[in-house]
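Following: one structure in C-alpha cells, then a few remarks.
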Amino acid sequence: MAIKNVSVLLFTLLILSIGCKNIVDAAKCCMDHPELGSCVPGVDDSPEDDGKCWTFCVSDCELGGACKLEGNKHVCHCKCA
C-alpha cells in the first residue's frame with residue numbers, strides 16, 4: 001500500500017513539474033524583457049547573427065524576439081506564438 005501511495009505521489013509531482021515549466025515558458029512570450037539591456041534593431045533581433053534578443057526568445061517562443069521601441073529606447077520583446 002505504501003509503495004502505491006509513493007508511486008502516485010511521484011507521478012503527480014512529475015505531472016505538476018511539467019505543467020509548471022510550460023507556464024514559465026509561456027510567461028516569456030508576448031512580453032518585453034528590459035532585463036536584457038538595450039536592444040539594437042537588426043543586430044540583437046537577428047536570427048542570422050544569433051542576436052541576444054532572438055536567442056533568448058526563440059528558446060521558448062516559436063516566433064523568436066524583436067527589438068521594440070519603448071519610450072526612447074529599444075527593448076527585447078518575445079513574440080507571441
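Residues are named by chain letter and number: chains run A, B, ... in the order of the C-alpha cells, numbers start at 1 in each chain, and ligands are numbered from 1 in the order shown.
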Give me the residues within 12 Å of Leu36 (chain A) as a count of residues only, counting only C-alpha atoms and dropping any in the same chain fewer than 5 places off.
16
One-decimal distance in Å that lies between CA of Ser46 (chain A) and CA of Leu69 (chain A):
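According to the coordinates, CA of Leu69 (chain A) and CA of Ser46 (chain A) are separated by 15.9 Å.
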In region 20-73 of chain A, what's strand (DSSP E or B) per DSSP? Answer as a PDB file with C-alpha atoms, in the first residue's frame?
ATOM      1  CA  MET A  31       6.412  40.170 -23.064  1.00  0.00           C
ATOM      2  CA  ASP A  32       9.120  42.819 -23.002  1.00  0.00           C
ATOM      3  CA  HIS A  33      12.424  41.876 -21.389  1.00  0.00           C
ATOM      4  CA  GLY A  65      12.062  38.058 -30.482  1.00  0.00           C
ATOM      5  CA  ALA A  66      12.396  41.568 -31.839  1.00  0.00           C
ATOM      6  CA  CYS A  67      13.650  44.905 -30.624  1.00  0.00           C
ATOM      7  CA  LYS A  68      10.653  47.048 -29.720  1.00  0.00           C
ATOM      8  CA  LEU A  69      10.722  50.791 -29.158  1.00  0.00           C
ATOM      9  CA  GLU A  70       9.608  51.636 -25.623  1.00  0.00           C
ATOM     10  CA  LYS A  73      14.934  53.114 -26.241  1.00  0.00           C
TER      11      LYS A  73
END
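The space between CA of Val43 (chain A) and CA of Asn72 (chain A) spans 17.9 Å.
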Just the number, please: distance in Å from CA of Asp49 (chain A) to CA of Gly71 (chain A), one decimal.
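Computed distance, CA of Asp49 (chain A) to CA of Gly71 (chain A), equals 25.9 Å.
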